[in-house]
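**Q** Quick one: the structure is below, questions incoming.
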Amino acid sequence: MKKELIKPQALIKNEDRRRFLRMGTMTVASAGLLLVGCNDEDDMGPTMPGAVNLGSGDVGILNYAYALEQLEAAFYAEVMKGGYFANASAEEKTILGDLEKHERAHREFFKAALGANAIVSLEVDFSSIDFSSRTSVLGAAKVFEDLGVAAYNGAGQYLESADLLLIAGKIVSVEARHAAAIRDLINPGSADFAGDDIIDANGLERTLNFTEVLTAAKTYVKTDIDFSQLPS
Amino acid sequence: MNLIKLLDSMCPDTKSAEDKERFYSRRDAFRQFGDFGKKMALAAVPLAVLNAIPHVAKADTASLIGVLNYALTLEHLEYRYYQMGLDSGVINAADRVIFQKIRDHELAHVRFLQEVIGNVLKGSPVAEPEFDFTAGGNFSPFTDYPTFLALAQAFEDTGVRAYKGQAANVQESDVVLTAALSIHSVEARHASMVRRLRTKKGQDTVKGWITNASIGTLPAATTAIYAGEQNLTHAGVDVSNLTGIDANAVSEGWDEPLDKDAVLGIAGLFLGASN
């Protein structure tokens with residue numbers, strides 16, 4: 001039987017899940033186990049063959065960030081090897097070279113911080129990106145950077161540790177700096193660096209939840225990610 | 001960020017069953033309001049939506065009001081600066097679209113924070129102080145464009161550090177924390193754009209991100225704005241040692257916070273004598 005990427009529990013819409021949560025923690029825990037069909041002894045381990053389980057609590061959130069940083073770092077590593085980068089302007093080479101280093105540093109930091117709790121390396125799929133094309137590379141960079149900002153902004157409220165919240169805050173503003181620069185390379189001198197497509201009438205940038213982010217990332221990640229134990 | 005969507009994605013931060021019921025019933029009402037009221041001004045929405053924040057203890061409310069009034073002071077400063085810049089004609093015609101967008105965001109932040117403080121938390125939003133953007137006659141931002149850009153960079157990079165420094169102080173409220181994070185990343189986008197604009201014009205060599213604690217060609221008075229940005233160690237891990245990536249790049253990859261006293265020390269340079 002083909003295993004689904006997202007466990008049924010994770011497919012419940014937030015609103016329903018919150019109502020569901022009001023039934024009480026014990027009820028939810030047991031109902032959750034029934035829904036996902038995993039057994040009591042194995043509920044912290046991988047529940048699907050080949051799937052990576054991000055885990056729960058702050059560790060789960062850090063693994064979520066680690067997964068996104070893996071994706072970004074792998075992307076810029078490919079950009080460095082591609083035809084567009086080889087012929088890019090000096091300014092664009094500097095920016096993309098910096099982004100490659102920043103994202104690799106973020107990735108290695110999370111791996112070290114998570115230690116034994118770190119998920120494995122994800123298998124990426126960039127077949128939809130043409131690394132010889134400026135438009136394709138910068139378009140993908142924009143997707144990744146904007147997605148990263150929205151993911152960190154959306155996940156902050158679930159972190160229990162104030163120290164980890166601060167670390168996430170230190171990284172998310174750099175992702176936002178990246179996103180603005182990439183957007184300005186695509187549409188120079190315009191207001192797109194902080195466009196209305198991602199910032200609302202209250203001047204607030206969009207947030208995305210775990211499901212939205214990982215659904216968007218799925219185009220570029222072959223490895224199945226089980227995020228059903230993340231906080232909500 | 002859509003506030004109704006935000007409301008959908010959060011837990012009421014209260015243990016009281018009564019408050020939770022109030023939260024859910026209000027949220028449902030506002031979702032419908034959102035569905036049927038799309039023609040209403042967007043700015044009218046947050047008051048209604050944010051009224052759904054469950055009661056929090058009075059001490060917590062006072063603390064949140066304090067943090068948000070501090071943020072509001074900085075947003076007043078930024079908004080007034082860009083509005084005066086646009087009114088003065090100092091900004092190059094080609095760049096006005098950039099500063100109009102930034103001005104719009106700062107004004108939206110002022111209004112948003114006023115609503116949250118005054119109508120949701122039932123506090124008193126601070127009045128706009130009187131600003132002196134010449135800092136006692138030292139700068140001429142509204143007649144000299146390079147100076148206007150330099151101070152804009154200083155304000156944006158300070159704003160990023162200021163919001164970051166308060167994240168833990170609003171952590172008790174999911175709604176306020178998420179809103180603060182959503183302002184924080186907008187300020188970072190502004191900062192990146194203004195920094196790169198200065199370099200494009202040959203006024204500096206700074207990148208969109210902060211290298212070490214470098215002030216570039218900014219006036220020496222801005223040193224405090226970048227103090228500590230050279231940090232390479234996070235959660236006890238020296239990332240440059242860990243990765244072999246040069247310290248410049250690692251320092252760029254993490255922005256550092258500033259505490260309230262440091263930020264008010266910087267902002268104080270631009271407060272008029274009457275304050």
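Chain lettering (A, B, ...) mirrors the order of the structure tokens, residue numbering begins at 1 for each chain separately, and ligand numbering begins at 1 in order of display.
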Can I get the residues of chain A within 8 Å of chain B, each with the closest pair of atoms and their distance in Å to one decimal, using only C-alpha atoms, sorted chain first then ascending number, as CSV?
**A**
residue,atom,partner,partner_atom,distance
A:Asn14,CA,B:Ser9,CA,6.0
A:Glu15,CA,B:Asp8,CA,6.1
A:Arg18,CA,B:Cys11,CA,7.3
A:Asp98,CA,B:Ala249,CA,6.7
A:Lys101,CA,B:Ala249,CA,6.5
A:His102,CA,B:Gly253,CA,4.9
A:Glu103,CA,B:Gly253,CA,7.7
A:Ala105,CA,B:Thr243,CA,6.6
A:His106,CA,B:Gly253,CA,7.4
A:Glu108,CA,B:Thr243,CA,6.8
A:Phe109,CA,B:Val239,CA,6.3
A:Ala112,CA,B:Val237,CA,7.7
A:Ala113,CA,B:Ala235,CA,7.1
A:Val149,CA,B:Ser185,CA,7.3
A:Asn153,CA,B:Leu181,CA,5.7
A:Gly154,CA,B:Thr178,CA,6.9
A:Gly156,CA,B:Thr178,CA,7.0
A:Gln157,CA,B:Asp174,CA,5.2
A:Ala162,CA,B:Ala168,CA,5.4
A:Leu165,CA,B:Ala168,CA,7.1
A:Leu166,CA,B:Ala167,CA,6.9
A:Ile167,CA,B:His234,CA,7.2
A:Gly169,CA,B:Lys164,CA,6.0
A:Lys170,CA,B:Asp255,CA,4.6
A:Ile171,CA,B:Trp254,CA,5.2
A:Val172,CA,B:Ser185,CA,7.0
A:Ser173,CA,B:Ser185,CA,5.3
A:Val174,CA,B:Gly253,CA,6.1
A:Ala176,CA,B:Arg189,CA,5.4
A:Arg177,CA,B:Ser192,CA,4.9
A:His178,CA,B:Gly208,CA,7.3
A:Ala179,CA,B:Arg189,CA,7.3
A:Ala180,CA,B:Arg189,CA,5.2
A:Ala181,CA,B:Ser192,CA,6.6
A:Asp184,CA,B:Met193,CA,7.8
A:Gly189,CA,B:Asp95,CA,6.8
A:Ser190,CA,B:Ile98,CA,6.3
A:Ala191,CA,B:Ile98,CA,5.2
A:Phe193,CA,B:Arg189,CA,6.6
A:Ala194,CA,B:Arg189,CA,6.2
A:Ile198,CA,B:Met1,CA,7.2
A:Ile199,CA,B:Met1,CA,6.4
A:Asp200,CA,B:Met1,CA,5.9
A:Ala201,CA,B:Leu42,CA,6.4
A:Asn202,CA,B:Ala108,CA,4.9
A:Gly203,CA,B:His105,CA,4.7
A:Leu204,CA,B:Ser182,CA,4.9
A:Glu205,CA,B:Ser182,CA,4.7
A:Arg206,CA,B:Met1,CA,3.3
A:Thr207,CA,B:Met1,CA,5.5
A:Asn209,CA,B:Ser9,CA,7.3
A:Ser232,CA,B:Cys11,CA,7.4
**Q** Once you have the residues from the selection above, write them out as a compact mmCIF listing (two decimals), in the first residue's frame, restricted to N, CA and C atoms.
**A**
# COMPACT_ATOMS: atom_id res chain seq x y z
N ASN A 14 -6.53 23.43 10.68
CA ASN A 14 -6.20 24.00 11.98
C ASN A 14 -7.41 24.19 12.86
N GLU A 15 -8.45 24.74 12.28
CA GLU A 15 -9.64 25.05 13.07
C GLU A 15 -10.20 23.78 13.70
N ARG A 18 -7.92 22.45 16.39
CA ARG A 18 -7.99 23.15 17.65
C ARG A 18 -9.22 22.76 18.44
N ASP A 98 27.46 35.08 -1.48
CA ASP A 98 27.16 35.31 -0.06
C ASP A 98 26.01 34.42 0.40
N LYS A 101 27.06 30.93 1.11
CA LYS A 101 27.77 30.79 2.40
C LYS A 101 26.83 30.91 3.58
N HIS A 102 25.94 31.90 3.54
CA HIS A 102 25.02 32.11 4.67
C HIS A 102 24.14 30.87 4.89
N GLU A 103 23.60 30.33 3.81
CA GLU A 103 22.67 29.20 3.96
C GLU A 103 23.42 27.93 4.38
N ALA A 105 26.09 27.98 6.21
CA ALA A 105 26.39 28.21 7.63
C ALA A 105 25.15 27.92 8.49
N HIS A 106 23.99 28.37 8.03
CA HIS A 106 22.74 28.09 8.77
C HIS A 106 22.52 26.57 8.88
N GLU A 108 24.65 24.06 8.67
CA GLU A 108 25.62 23.38 9.54
C GLU A 108 25.39 23.74 11.01
N PHE A 109 24.95 24.97 11.24
CA PHE A 109 24.64 25.38 12.61
C PHE A 109 23.50 24.52 13.17
N ALA A 112 24.58 21.00 13.93
CA ALA A 112 25.38 20.91 15.15
C ALA A 112 24.52 21.13 16.39
N ALA A 113 23.60 22.10 16.31
CA ALA A 113 22.77 22.41 17.47
C ALA A 113 21.84 21.24 17.80
N VAL A 149 11.35 33.16 5.05
CA VAL A 149 10.89 34.22 5.96
C VAL A 149 9.51 33.86 6.52
N ASN A 153 8.60 33.17 10.42
CA ASN A 153 7.60 34.05 11.05
C ASN A 153 6.42 33.25 11.57
N GLY A 154 6.05 32.21 10.85
CA GLY A 154 4.91 31.40 11.27
C GLY A 154 5.24 30.44 12.40
N GLY A 156 7.62 30.89 14.84
CA GLY A 156 8.13 31.51 16.07
C GLY A 156 7.23 31.30 17.27
N GLN A 157 5.93 31.41 17.06
CA GLN A 157 4.98 31.31 18.17
C GLN A 157 4.97 29.92 18.80
N ALA A 162 12.96 30.78 24.84
CA ALA A 162 13.23 32.16 24.43
C ALA A 162 14.57 32.27 23.72
N LEU A 165 14.03 31.16 20.22
CA LEU A 165 13.27 32.20 19.52
C LEU A 165 14.21 33.31 19.05
N LEU A 166 15.15 33.68 19.90
CA LEU A 166 16.11 34.74 19.53
C LEU A 166 16.98 34.28 18.36
N ILE A 167 17.43 33.03 18.40
CA ILE A 167 18.27 32.52 17.31
C ILE A 167 17.48 32.50 16.00
N GLY A 169 15.10 34.47 15.31
CA GLY A 169 14.98 35.88 14.94
C GLY A 169 16.23 36.42 14.28
N LYS A 170 17.39 35.94 14.72
CA LYS A 170 18.66 36.38 14.13
C LYS A 170 18.78 35.91 12.69
N ILE A 171 18.20 34.74 12.41
CA ILE A 171 18.31 34.18 11.06
C ILE A 171 17.23 34.74 10.14
N VAL A 172 16.01 34.89 10.64
CA VAL A 172 14.92 35.27 9.75
C VAL A 172 15.14 36.66 9.14
N SER A 173 15.75 37.57 9.88
CA SER A 173 15.95 38.90 9.30
C SER A 173 16.99 38.87 8.19
N VAL A 174 17.93 37.93 8.29
CA VAL A 174 18.90 37.78 7.21
C VAL A 174 18.22 37.19 5.97
N ALA A 176 15.20 37.70 5.20
CA ALA A 176 14.43 38.81 4.64
C ALA A 176 15.33 39.76 3.85
N ARG A 177 16.55 39.97 4.36
CA ARG A 177 17.52 40.80 3.61
C ARG A 177 17.82 40.14 2.25
N HIS A 178 18.02 38.82 2.28
CA HIS A 178 18.24 38.08 1.03
C HIS A 178 17.07 38.27 0.07
N ALA A 179 15.88 38.04 0.60
CA ALA A 179 14.67 38.06 -0.24
C ALA A 179 14.55 39.42 -0.92
N ALA A 180 14.80 40.49 -0.17
CA ALA A 180 14.69 41.84 -0.75
C ALA A 180 15.72 42.04 -1.85
N ALA A 181 16.94 41.54 -1.65
CA ALA A 181 17.99 41.71 -2.66
C ALA A 181 17.66 40.93 -3.93
N ASP A 184 15.01 42.61 -5.83
CA ASP A 184 15.51 43.82 -6.49
C ASP A 184 16.35 43.47 -7.72
N GLY A 189 15.11 48.58 -8.62
CA GLY A 189 14.64 49.93 -8.33
C GLY A 189 13.15 50.07 -8.12
N SER A 190 12.45 48.95 -8.02
CA SER A 190 11.00 49.00 -7.84
C SER A 190 10.65 48.80 -6.36
N ALA A 191 9.36 48.75 -6.07
CA ALA A 191 8.90 48.50 -4.70
C ALA A 191 8.77 47.00 -4.41
N PHE A 193 10.90 44.83 -3.57
CA PHE A 193 11.73 44.29 -2.48
C PHE A 193 10.89 44.03 -1.24
N ALA A 194 9.79 44.74 -1.13
CA ALA A 194 8.85 44.52 -0.01
C ALA A 194 7.45 44.65 -0.59
N ILE A 198 3.41 40.06 -0.53
CA ILE A 198 3.80 39.38 0.70
C ILE A 198 3.62 40.25 1.94
N ILE A 199 3.27 41.52 1.76
CA ILE A 199 3.09 42.42 2.91
C ILE A 199 1.70 43.05 2.80
N ASP A 200 0.94 42.98 3.89
CA ASP A 200 -0.45 43.40 3.82
C ASP A 200 -0.62 44.89 4.15
N ALA A 201 -1.87 45.33 4.18
CA ALA A 201 -2.17 46.76 4.38
C ALA A 201 -1.78 47.24 5.77
N ASN A 202 -1.54 46.31 6.70
CA ASN A 202 -1.06 46.70 8.03
C ASN A 202 0.46 46.73 8.11
N GLY A 203 1.11 46.50 6.97
CA GLY A 203 2.57 46.49 6.97
C GLY A 203 3.15 45.23 7.58
N LEU A 204 2.35 44.17 7.63
CA LEU A 204 2.80 42.90 8.23
C LEU A 204 3.12 41.90 7.13
N GLU A 205 4.28 41.24 7.23
CA GLU A 205 4.64 40.23 6.24
C GLU A 205 3.85 38.96 6.49
N ARG A 206 3.60 38.23 5.41
CA ARG A 206 2.80 37.00 5.53
C ARG A 206 3.51 35.97 6.40
N THR A 207 2.72 35.13 7.02
CA THR A 207 3.25 33.96 7.71
C THR A 207 2.65 32.74 7.04
N ASN A 209 2.02 28.41 7.63
CA ASN A 209 2.09 27.34 8.63
C ASN A 209 2.88 26.15 8.07
N SER A 232 1.18 22.56 17.76
CA SER A 232 0.12 23.35 17.13
C SER A 232 -0.70 24.02 18.21
**Q** Looking only at the backbone, which of the residues in segment 51-215 of chain A does DSSP tag as helix (DSSP H, G or I), as a ChimeraX atom specification?
**A** /A:57-81,83-86,90-117,134-158,162-186,191-194,210-215
**Q** Would you mind listing what lies within 9 Å of segment 81-85 of chain A as a ChimeraX atom specification, with only C-alpha atoms counted and same-chain residues fewer than 2 positions away left out?
**A** /A:76-79,87-89,92-93,96,130-134,137
**Q** Pick out the closest residue to Gly268 of chain B from this set: B:Tyr70, B:Phe139, B:Phe148, B:Phe131. Count only C-alpha atoms.
**A**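 Among the listed residues, the smallest separation from Gly268 of chain B belongs to B:Phe131.
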**Q** State, in Å with one decimal place, the distance from atom CA of Leu68 of chain A to atom CA of Tyr226 of chain B.
**A**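 These atoms are spaced 28.1 Å apart.
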**Q** Residues of segment 93-260 of chain B in strand (DSSP E or B) according to DSSP, as a VMD selection string?
**A** chain B and resid 131 233 to 234 237 to 238
**Q** Go ahead and dump the residues you just picked, N, CA and C atoms, as a PDB file, in the first residue's frame.
**A**
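Listing of again-v2.pdb after writing:
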ATOM      1  N   PHE B 131      10.704  65.364  16.691  1.00  0.00           N
ATOM      2  CA  PHE B 131      12.005  64.860  16.250  1.00  0.00           C
ATOM      3  C   PHE B 131      12.877  65.985  15.718  1.00  0.00           C
ATOM      4  N   THR B 233      29.145  33.252  17.364  1.00  0.00           N
ATOM      5  CA  THR B 233      28.781  32.118  18.218  1.00  0.00           C
ATOM      6  C   THR B 233      27.308  32.139  18.577  1.00  0.00           C
ATOM      7  N   HIS B 234      26.620  31.069  18.259  1.00  0.00           N
ATOM      8  CA  HIS B 234      25.190  30.956  18.528  1.00  0.00           C
ATOM      9  C   HIS B 234      24.922  29.615  19.190  1.00  0.00           C
ATOM     10  N   VAL B 237      27.875  27.561  19.715  1.00  0.00           N
ATOM     11  CA  VAL B 237      28.603  27.027  18.562  1.00  0.00           C
ATOM     12  C   VAL B 237      29.265  28.172  17.796  1.00  0.00           C
ATOM     13  N   ASP B 238      30.605  28.145  17.671  1.00  0.00           N
ATOM     14  CA  ASP B 238      31.280  29.113  16.810  1.00  0.00           C
ATOM     15  C   ASP B 238      31.138  28.611  15.378  1.00  0.00           C
TER      16      ASP B 238
END
**Q** Hey, can you check how far atom CA of Arg80 of chain B sits from atom CA of Glu156 of chain B?
**A**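 Going from atom CA of Arg80 of chain B over to atom CA of Glu156 of chain B covers 13.3 Å.
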**Q** Using only C-alpha atoms, which of A:Asp196, A:Glu160, A:Asp226, A:Glu212 sits nearest Val59 of chain A?
**A**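 Of A:Asp196, A:Glu160, A:Asp226, A:Glu212, the one nearest Val59 of chain A is A:Glu160, counting only C-alpha atoms.
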**Q** Provide the atom CA of Asn212 of chain B to atom CA of Arg198 of chain B distance in Å, to one decimal place.
**A** 18.1 Å
